[in-house]
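Visitor: The structure file entry-v3.pdb (PDB, C-alpha atoms) is provided below.
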```pdb
ATOM      1  CA  ASP A  25      -8.236  16.756  -6.478
ATOM      2  CA  GLN A  26      -7.596  14.384  -3.568
ATOM      3  CA  GLN A  27     -10.757  12.470  -2.789
ATOM      4  CA  VAL A  28      -9.234  10.776   0.259
ATOM      5  CA  LYS A  29      -7.056  12.851   2.568
ATOM      6  CA  GLN A  30      -4.822  11.951   5.476
ATOM      7  CA  ASN A  31      -3.624  15.284   6.770
ATOM      8  CA  SER A  32      -1.056  13.963   9.234
ATOM      9  CA  PRO A  33       1.992  12.635   7.364
ATOM     10  CA  SER A  34       3.390  11.194  10.579
ATOM     11  CA  LEU A  35       2.437  10.326  14.140
ATOM     12  CA  SER A  36       4.513   9.214  17.133
ATOM     13  CA  VAL A  37       2.959   7.405  20.080
ATOM     14  CA  GLN A  38       4.332   5.778  23.204
ATOM     15  CA  GLU A  39       3.993   1.997  23.489
ATOM     16  CA  GLY A  40       0.818   1.028  25.351
ATOM     17  CA  ARG A  41      -0.993   4.272  24.548
ATOM     18  CA  ILE A  42      -3.733   4.836  21.964
ATOM     19  CA  SER A  43      -2.900   5.683  18.339
ATOM     20  CA  ILE A  44      -5.532   7.631  16.409
ATOM     21  CA  LEU A  45      -5.157   7.969  12.666
ATOM     22  CA  ASN A  46      -7.540  10.228  10.787
ATOM     23  CA  CYS A  47      -8.920  10.255   7.270
ATOM     24  CA  ASP A  48     -11.272  12.626   5.446
ATOM     25  CA  TYR A  49     -13.019  12.088   2.137
ATOM     26  CA  THR A  50     -14.863  14.324  -0.272
ATOM     27  CA  ASN A  51     -16.875  11.940  -2.469
ATOM     28  CA  SER A  52     -20.278  11.215  -0.901
ATOM     29  CA  MET A  53     -20.669   8.225  -3.271
ATOM     30  CA  PHE A  54     -18.046   6.265  -1.371
ATOM     31  CA  ASP A  55     -19.711   3.301   0.273
ATOM     32  CA  TYR A  56     -16.924   1.233   1.745
ATOM     33  CA  PHE A  57     -13.822   2.274   3.651
ATOM     34  CA  LEU A  58     -10.677   0.310   4.379
ATOM     35  CA  TRP A  59      -7.415   0.679   6.268
ATOM     36  CA  TYR A  60      -4.176  -0.890   5.063
ATOM     37  CA  LYS A  61      -0.812  -1.173   6.765
ATOM     38  CA  LYS A  62       2.445  -1.108   4.828
ATOM     39  CA  TYR A  63       5.915  -2.110   6.012
ATOM     40  CA  PRO A  64       9.004  -1.152   3.973
ATOM     41  CA  ALA A  65       9.691  -3.413   0.970
ATOM     42  CA  GLU A  66       6.282  -5.066   1.324
ATOM     43  CA  GLY A  67       2.933  -4.448  -0.302
ATOM     44  CA  PRO A  68       0.043  -3.005   1.727
ATOM     45  CA  THR A  69      -1.875  -5.512   3.848
ATOM     46  CA  PHE A  70      -5.551  -5.196   4.679
ATOM     47  CA  LEU A  71      -6.257  -4.273   8.300
ATOM     48  CA  ILE A  72      -9.927  -3.452   8.847
ATOM     49  CA  SER A  73     -12.898  -2.076   6.919
ATOM     50  CA  ILE A  74     -16.281  -0.474   7.484
ATOM     51  CA  SER A  75     -19.401  -0.158   5.397
ATOM     52  CA  SER A  76     -21.169   3.183   5.163
ATOM     53  CA  ILE A  77     -24.214   1.716   6.927
ATOM     54  CA  LYS A  78     -22.185   1.318  10.120
ATOM     55  CA  ASP A  79     -20.469   3.830  12.362
ATOM     56  CA  LYS A  80     -18.046   1.488  14.132
ATOM     57  CA  ASN A  81     -16.221  -1.744  13.451
ATOM     58  CA  GLU A  82     -13.902  -3.476  15.885
ATOM     59  CA  ASP A  83     -11.280  -6.187  15.391
ATOM     60  CA  GLY A  84      -9.079  -6.889  18.381
ATOM     61  CA  ARG A  85      -6.896  -3.867  19.094
ATOM     62  CA  PHE A  86      -8.169  -2.051  15.997
ATOM     63  CA  THR A  87     -11.383  -0.025  15.793
ATOM     64  CA  VAL A  88     -12.564   2.101  12.894
ATOM     65  CA  PHE A  89     -15.106   4.879  13.406
ATOM     66  CA  LEU A  90     -17.076   6.462  10.568
ATOM     67  CA  ASN A  91     -18.834   9.834  10.712
ATOM     68  CA  LYS A  92     -20.694  10.114   7.409
ATOM     69  CA  SER A  93     -22.050  13.600   8.006
ATOM     70  CA  ALA A  94     -18.517  14.892   8.553
ATOM     71  CA  LYS A  95     -17.064  12.612   5.847
ATOM     72  CA  HIS A  96     -14.481  11.520   8.373
ATOM     73  CA  LEU A  97     -13.149   8.210   9.615
ATOM     74  CA  SER A  98     -10.545   7.297  12.157
ATOM     75  CA  LEU A  99      -8.557   4.222  13.104
ATOM     76  CA  HIS A 100      -7.883   3.605  16.795
ATOM     77  CA  ILE A 101      -5.154   1.203  17.889
ATOM     78  CA  VAL A 102      -5.239   0.265  21.572
ATOM     79  CA  PRO A 103      -2.791  -0.552  23.033
ATOM     80  CA  SER A 104      -0.152   0.488  20.505
ATOM     81  CA  GLN A 105       2.812  -1.844  20.080
ATOM     82  CA  PRO A 106       6.228  -1.259  18.454
ATOM     83  CA  GLY A 107       5.262  -3.754  15.713
ATOM     84  CA  ASP A 108       2.471  -1.392  14.701
ATOM     85  CA  SER A 109       5.078   1.047  13.371
ATOM     86  CA  ALA A 110       4.282   1.285   9.657
ATOM     87  CA  VAL A 111       2.595   3.489   7.075
ATOM     88  CA  TYR A 112      -1.198   3.369   7.314
ATOM     89  CA  PHE A 113      -3.346   4.046   4.252
ATOM     90  CA  CYS A 114      -7.008   4.907   4.299
ATOM     91  CA  ALA A 115      -8.912   3.781   1.182
ATOM     92  CA  ALA A 116     -12.455   4.153  -0.104
ATOM     93  CA  SER A 117     -14.576   2.649  -2.838
ATOM     94  CA  GLY A 118     -18.045   2.759  -4.332
ATOM     95  CA  ASN A 119     -20.670   0.125  -3.635
ATOM     96  CA  TYR A 120     -19.318  -2.423  -6.107
ATOM     97  CA  GLY A 121     -15.640  -1.645  -5.685
ATOM     98  CA  GLN A 122     -15.565   1.028  -8.343
ATOM     99  CA  ASN A 123     -13.494   4.182  -7.986
ATOM    100  CA  PHE A 124     -11.122   2.627  -5.470
ATOM    101  CA  VAL A 125      -9.007   5.438  -3.991
ATOM    102  CA  PHE A 126      -6.154   5.488  -1.452
ATOM    103  CA  GLY A 127      -5.129   8.376   0.772
ATOM    104  CA  PRO A 128      -1.475   9.490   0.926
ATOM    105  CA  GLY A 129      -0.748   7.606   4.136
ATOM    106  CA  THR A 130       0.317   8.361   7.713
ATOM    107  CA  ARG A 131       3.588   7.024   9.079
ATOM    108  CA  LEU A 132       3.027   5.729  12.618
ATOM    109  CA  SER A 133       5.973   5.299  14.958
ATOM    110  CA  VAL A 134       5.332   3.502  18.240
ATOM    111  CA  LEU A 135       8.137   4.227  20.660
ATOM    112  CA  PRO A 136       9.151   1.619  23.275
TER
ATOM    113  CA  ASP B  20       1.715 -20.576  -1.036
ATOM    114  CA  ALA B  21       4.014 -17.927  -2.546
ATOM    115  CA  GLY B  22       1.494 -15.106  -2.348
ATOM    116  CA  VAL B  23       1.543 -12.390  -4.994
ATOM    117  CA  THR B  24       4.897 -12.176  -6.755
ATOM    118  CA  GLN B  25       6.188  -9.411  -8.997
ATOM    119  CA  SER B  26       9.192  -9.127 -11.287
ATOM    120  CA  PRO B  27      11.548  -7.500 -11.593
ATOM    121  CA  THR B  28      12.145  -5.964  -8.174
ATOM    122  CA  HIS B  29      13.881  -2.895  -9.548
ATOM    123  CA  LEU B  30      14.174  -1.456 -13.023
ATOM    124  CA  ILE B  31      15.933   1.551 -14.517
ATOM    125  CA  LYS B  32      14.848   2.915 -17.890
ATOM    126  CA  THR B  33      15.374   6.135 -19.861
ATOM    127  CA  ARG B  34      12.761   8.522 -21.169
ATOM    128  CA  GLY B  35      10.945   7.314 -24.265
ATOM    129  CA  GLN B  36      11.619   3.641 -23.619
ATOM    130  CA  GLN B  37       9.016   0.985 -23.021
ATOM    131  CA  VAL B  38       8.745  -1.286 -19.970
ATOM    132  CA  THR B  39       6.906  -4.495 -19.054
ATOM    133  CA  LEU B  40       6.224  -5.479 -15.463
ATOM    134  CA  ARG B  41       4.964  -8.903 -14.463
ATOM    135  CA  CYS B  42       2.702 -10.228 -11.741
ATOM    136  CA  SER B  43       1.740 -13.710 -10.604
ATOM    137  CA  PRO B  44      -1.372 -13.735  -8.431
ATOM    138  CA  LYS B  45      -1.883 -15.686  -5.261
ATOM    139  CA  SER B  46      -3.020 -19.257  -5.872
ATOM    140  CA  GLY B  47      -6.779 -19.428  -6.476
ATOM    141  CA  HIS B  48      -7.090 -15.730  -7.323
ATOM    142  CA  ASP B  49      -8.501 -14.762 -10.704
ATOM    143  CA  THR B  50      -8.596 -10.964 -10.570
ATOM    144  CA  VAL B  51      -5.531  -8.755 -10.809
ATOM    145  CA  SER B  52      -5.281  -5.002 -10.240
ATOM    146  CA  TRP B  53      -2.341  -2.686 -10.841
ATOM    147  CA  TYR B  54      -1.475   0.433  -8.850
ATOM    148  CA  GLN B  55       1.117   3.190  -9.158
ATOM    149  CA  GLN B  56       2.560   4.586  -5.930
ATOM    150  CA  ALA B  57       4.606   7.744  -6.357
ATOM    151  CA  LEU B  58       6.933   8.842  -3.570
ATOM    152  CA  GLY B  59       5.021  10.175  -0.576
ATOM    153  CA  GLN B  60       1.637   9.284  -2.023
ATOM    154  CA  GLY B  61      -0.837   6.474  -1.721
ATOM    155  CA  PRO B  62      -1.291   3.849  -4.419
ATOM    156  CA  GLN B  63      -3.322   5.027  -7.428
ATOM    157  CA  PHE B  64      -5.519   2.523  -9.256
ATOM    158  CA  ILE B  65      -4.412   1.936 -12.854
ATOM    159  CA  PHE B  66      -6.669  -0.905 -14.006
ATOM    160  CA  GLN B  67      -8.101  -4.287 -13.122
ATOM    161  CA  TYR B  68      -8.112  -7.491 -15.166
ATOM    162  CA  TYR B  69     -10.604 -10.312 -14.930
ATOM    163  CA  GLU B  70     -11.103 -13.179 -17.382
ATOM    164  CA  GLU B  71      -8.303 -11.759 -19.535
ATOM    165  CA  GLU B  72     -10.125  -8.470 -20.051
ATOM    166  CA  GLU B  73      -9.720  -5.004 -18.588
ATOM    167  CA  ARG B  74     -12.731  -4.595 -16.290
ATOM    168  CA  GLN B  75     -12.066  -1.208 -14.717
ATOM    169  CA  ARG B  76      -9.618   1.588 -15.429
ATOM    170  CA  GLY B  77      -8.399   4.531 -13.408
ATOM    171  CA  ASN B  78      -7.338   7.926 -14.700
ATOM    172  CA  PHE B  79      -4.221   6.857 -16.592
ATOM    173  CA  PRO B  80      -3.303   7.564 -20.241
ATOM    174  CA  ASP B  81      -3.337   4.946 -22.979
ATOM    175  CA  ARG B  82       0.449   4.630 -22.638
ATOM    176  CA  PHE B  83      -0.430   2.299 -19.779
ATOM    177  CA  SER B  84      -1.759  -1.020 -21.015
ATOM    178  CA  GLY B  85      -2.025  -4.504 -19.637
ATOM    179  CA  HIS B  86      -2.716  -8.079 -20.300
ATOM    180  CA  GLN B  87      -3.954 -11.078 -18.362
ATOM    181  CA  PHE B  88      -3.046 -14.605 -19.375
ATOM    182  CA  PRO B  89      -5.148 -17.779 -19.055
ATOM    183  CA  ASN B  90      -3.207 -18.724 -15.889
ATOM    184  CA  TYR B  91      -4.348 -15.350 -14.389
ATOM    185  CA  SER B  92      -0.854 -13.847 -14.370
ATOM    186  CA  SER B  93      -0.670 -10.314 -15.685
ATOM    187  CA  GLU B  94       1.615  -7.787 -17.326
ATOM    188  CA  LEU B  95       1.659  -4.012 -17.137
ATOM    189  CA  ASN B  96       3.162  -2.224 -20.134
ATOM    190  CA  VAL B  97       4.131   1.415 -20.190
ATOM    191  CA  ASN B  98       5.153   3.052 -23.469
ATOM    192  CA  ALA B  99       7.022   6.305 -24.115
ATOM    193  CA  LEU B 100       8.235   6.533 -20.523
ATOM    194  CA  LEU B 101       8.246   9.922 -18.818
ATOM    195  CA  LEU B 102      10.236  11.005 -15.775
ATOM    196  CA  GLY B 103       6.932  11.179 -13.895
ATOM    197  CA  ASP B 104       6.393   7.456 -14.405
ATOM    198  CA  SER B 105       9.068   6.784 -11.790
ATOM    199  CA  ALA B 106       7.205   5.029  -8.987
ATOM    200  CA  LEU B 107       6.551   1.783  -7.160
ATOM    201  CA  TYR B 108       4.158  -0.366  -9.193
ATOM    202  CA  LEU B 109       2.015  -2.670  -7.100
ATOM    203  CA  CYS B 110       0.029  -5.644  -8.231
ATOM    204  CA  ALA B 111      -2.864  -6.987  -6.180
ATOM    205  CA  SER B 112      -4.919 -10.130  -6.650
ATOM    206  CA  GLN B 113      -8.214 -11.254  -5.202
ATOM    207  CA  PRO B 114     -10.227 -14.470  -5.234
ATOM    208  CA  PRO B 115     -13.389 -15.036  -7.302
ATOM    209  CA  GLY B 116     -16.413 -13.028  -6.192
ATOM    210  CA  SER B 117     -14.510 -11.111  -3.524
ATOM    211  CA  ALA B 118     -14.548  -7.493  -2.455
ATOM    212  CA  TYR B 119     -11.623  -5.126  -2.291
ATOM    213  CA  ASN B 120     -10.926  -6.022   1.331
ATOM    214  CA  GLU B 121      -9.707  -9.375   0.105
ATOM    215  CA  GLN B 122      -7.002  -7.919  -2.117
ATOM    216  CA  PHE B 123      -3.513  -9.243  -1.520
ATOM    217  CA  PHE B 124      -0.670  -7.019  -2.644
ATOM    218  CA  GLY B 125       2.717  -7.985  -3.980
ATOM    219  CA  PRO B 126       5.916  -6.231  -2.843
ATOM    220  CA  GLY B 127       6.007  -4.057  -5.966
ATOM    221  CA  THR B 128       8.431  -3.181  -8.748
ATOM    222  CA  ARG B 129      10.423   0.009  -8.288
ATOM    223  CA  LEU B 130      10.709   1.760 -11.681
ATOM    224  CA  THR B 131      13.166   4.611 -12.119
ATOM    225  CA  VAL B 132      13.028   6.648 -15.329
ATOM    226  CA  LEU B 133      16.135   8.741 -16.070
TER
END
```
Take the structure from the file and write it as structure tokens.
Guide:
Amino acid sequence: DQQVKQNSPSLSVQEGRISILNCDYTNSMFDYFLWYKKYPAEGPTFLISISSIKDKNEDGRFTVFLNKSAKHLSLHIVPSQPGDSAVYFCAASGNYGQNFVFGPGTRLSVLP
Amino acid sequence: DAGVTQSPTHLIKTRGQQVTLRCSPKSGHDTVSWYQQALGQGPQFIFQYYEEEERQRGNFPDRFSGHQFPNYSSELNVNALLLGDSALYLCASQPPGSAYNEQFFGPGTRLTVL
């Protein structure tokens, strides 16, 4: 039973345009949501997070939106750059970091 | 600062064997977590070590065990290897009192079980 789902295995976007990566979760006890980026032969690196008490968090070109009623979050990258090409993982955890769960990932390709 | 380091990089074992993977955390980090990432999937939490004790555990059988040493480095042991244990094993460390967003991941050890 996948508690965190990323239904798009891959996404291609033109450089300069917006990339939108989606994530759905099933466990209403999740309290904290994170996005990680992973390049080949490297471990995942933390990108941005959001607490369940917020509906938006912004950091430079990256914005995460959370819709608790729909159990859905999305990561927006504007503008997209070729260096953003990587696998993006959505992750969720309980209030004190328990039950930390990753989604299966979405491979983003930003085309020049 | 070397970051999180893992050894070996790659490993090939046969079914039924035992394997030990090693992790050195980032300097100043005292908590180490281990993850299994199967092909095409996201990392799955195995367990977390803090103060040389297992603090949290994911849904993995007892064949998976670990250890943390006084210098905070850690080992992951897997006994009676199965074909399904083939995966990338990631180690992550975090500083004292931090949340999961402060985890730093190593590059992983690729384990192949034949």
Visitor: By how many Å are atom CA of Val132 of chain B and atom CA of Phe66 of chain B apart?
Guide: 21.1 Å
Visitor: Near chain A, which residues of chain B fall within 9 Å when you count only C-alpha atoms, and what do they look like as a list in words?
Guide: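 On the chain B side, the interface is Gly59, Gln60, Gly61, Pro62, Gln63, Phe64, Gln75, Arg76, Gly77, Leu109, Cys110, Ala111, Ala118, Tyr119, Asn120, Glu121, Gln122, Phe123, Phe124, Gly125, Pro126 and Gly127 of chain B.
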Visitor: In Å, how far is it from atom CA of Val23 of chain B to atom CA of Ala110 of chain A?
Guide: 20.2 Å
Visitor: Could you please determine the separation between atom CA of Leu90 of chain A and atom CA of Gly118 of chain A in Å, to one decimal place?
Guide: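 For atom CA of Leu90 of chain A relative to atom CA of Gly118 of chain A, the distance reads 15.4 Å.
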Visitor: Point out the residue among A:Val88, A:Glu82, A:His96, A:Ser43 with the least atom-to-atom distance to Gln27 of chain A, counting all atoms listed in the file.
Guide: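 Ranked by minimum distance to Gln27 of chain A, first place goes to A:His96.
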Visitor: Set the distance at 9 Å and use all atoms listed in the file: which residues neighbour Ser133 of chain A once local chain neighbours fewer than 5 positions away are removed? I'd like the list as a list in words.
Guide: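 Those residues are Ser34, Leu35, Ser36, Val37, Gln38, Pro106, Asp108, Ser109, Ala110 and Val111 of chain A.
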Visitor: From the list B:His48, B:Arg82, B:Arg74, B:His29, which residue is nearest Leu100 of chain B when using all atoms listed in the file?
Guide: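 Using all atoms listed in the file, the shortest distance to Leu100 of chain B belongs to B:Arg82.
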Visitor: Given the file above and the PyMOL selection byres ((chain A and resi 76) around 6), which residues are selected, and can you give them as a ChimeraX atom specification?
Guide: /A:55-56,75,77-78
Visitor: Taking 6 positions as the minimum chain separation for residues in the same chain, which residues sit within 8 Å of Ser43 of chain B when counting all atoms listed in the file? Answer as a list of chain:residue names.
Guide: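 Counting all atoms listed in the file, the residues come to B:Val23, B:Thr24, B:Gln25, B:Tyr91, B:Ser92, B:Ser93.
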Visitor: When the PyMOL selection byres ((chain B and resi 31) around 6) is applied to the file above, which residues end up in the set, as a JSON list (two decimals) with C-alpha atoms, keeping the file's coordinate frame?
Guide:
```json
[["chain", "number", "residue", "atom", "x", "y", "z"],
["B", 30, "LEU", "CA", 14.17, -1.46, -13.02],
["B", 32, "LYS", "CA", 14.85, 2.92, -17.89],
["B", 130, "LEU", "CA", 10.71, 1.76, -11.68],
["B", 131, "THR", "CA", 13.17, 4.61, -12.12],
["B", 132, "VAL", "CA", 13.03, 6.65, -15.33]]
```
Visitor: Nearest to Pro136 of chain A: which of A:Ser32, A:Arg41, A:Lys92, A:Val102 is it, counting only C-alpha atoms?
Guide: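 Answer, going by the shortest atom-to-atom distance: A:Arg41.
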Visitor: List the residues matched by the PyMOL selection byres ((chain B and resi 99) around 12) in the displayed structure as a list in words, ordered by chain and then by residue number.
Guide: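 Checked against the file, the PyMOL selection byres ((chain B and resi 99) around 12) matches Lys32, Thr33, Arg34, Gly35, Gln36, Gln37, Val38, Thr39, Pro80, Asp81, Arg82, Phe83, Ser84, Asn96, Val97, Asn98, Leu100, Leu101, Leu102, Gly103, Asp104 and Val132 of chain B.
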Visitor: What would the file look like if the residues just selected were written as a PDB file, in the coordinates of the input with C-alpha atoms?
Guide:
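part35.pdb, written as the output of this step:
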```
ATOM      1  CA  LYS B  32      14.848   2.915 -17.890  1.00  0.00           C
ATOM      2  CA  THR B  33      15.374   6.135 -19.861  1.00  0.00           C
ATOM      3  CA  ARG B  34      12.761   8.522 -21.169  1.00  0.00           C
ATOM      4  CA  GLY B  35      10.945   7.314 -24.265  1.00  0.00           C
ATOM      5  CA  GLN B  36      11.619   3.641 -23.619  1.00  0.00           C
ATOM      6  CA  GLN B  37       9.016   0.985 -23.021  1.00  0.00           C
ATOM      7  CA  VAL B  38       8.745  -1.286 -19.970  1.00  0.00           C
ATOM      8  CA  THR B  39       6.906  -4.495 -19.054  1.00  0.00           C
ATOM      9  CA  PRO B  80      -3.303   7.564 -20.241  1.00  0.00           C
ATOM     10  CA  ASP B  81      -3.337   4.946 -22.979  1.00  0.00           C
ATOM     11  CA  ARG B  82       0.449   4.630 -22.638  1.00  0.00           C
ATOM     12  CA  PHE B  83      -0.430   2.299 -19.779  1.00  0.00           C
ATOM     13  CA  SER B  84      -1.759  -1.020 -21.015  1.00  0.00           C
ATOM     14  CA  ASN B  96       3.162  -2.224 -20.134  1.00  0.00           C
ATOM     15  CA  VAL B  97       4.131   1.415 -20.190  1.00  0.00           C
ATOM     16  CA  ASN B  98       5.153   3.052 -23.469  1.00  0.00           C
ATOM     17  CA  LEU B 100       8.235   6.533 -20.523  1.00  0.00           C
ATOM     18  CA  LEU B 101       8.246   9.922 -18.818  1.00  0.00           C
ATOM     19  CA  LEU B 102      10.236  11.005 -15.775  1.00  0.00           C
ATOM     20  CA  GLY B 103       6.932  11.179 -13.895  1.00  0.00           C
ATOM     21  CA  ASP B 104       6.393   7.456 -14.405  1.00  0.00           C
ATOM     22  CA  VAL B 132      13.028   6.648 -15.329  1.00  0.00           C
TER      23      VAL B 132
END
```
Visitor: List as a list of chain:residue names the residues having at least one atom at most 12 Å from position (-7.6, -20.0, -15.7) as given in the file, counting only C-alpha atoms.
Guide: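 The residues near that point, listed by chain and number, are B:Pro44, B:Ser46, B:Gly47, B:His48, B:Asp49, B:Thr50, B:Tyr69, B:Glu70, B:Glu71, B:Gln87, B:Phe88, B:Pro89, B:Asn90, B:Tyr91, B:Ser92, B:Ser93, B:Pro115.
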Visitor: Hey, what's within 9 Å of Glu72 of chain B if we count all atoms listed in the file and toss same-chain stuff fewer than 4 positions away? As a PyMOL selection string, please?
Guide: chain B and resi 67-68+86-87
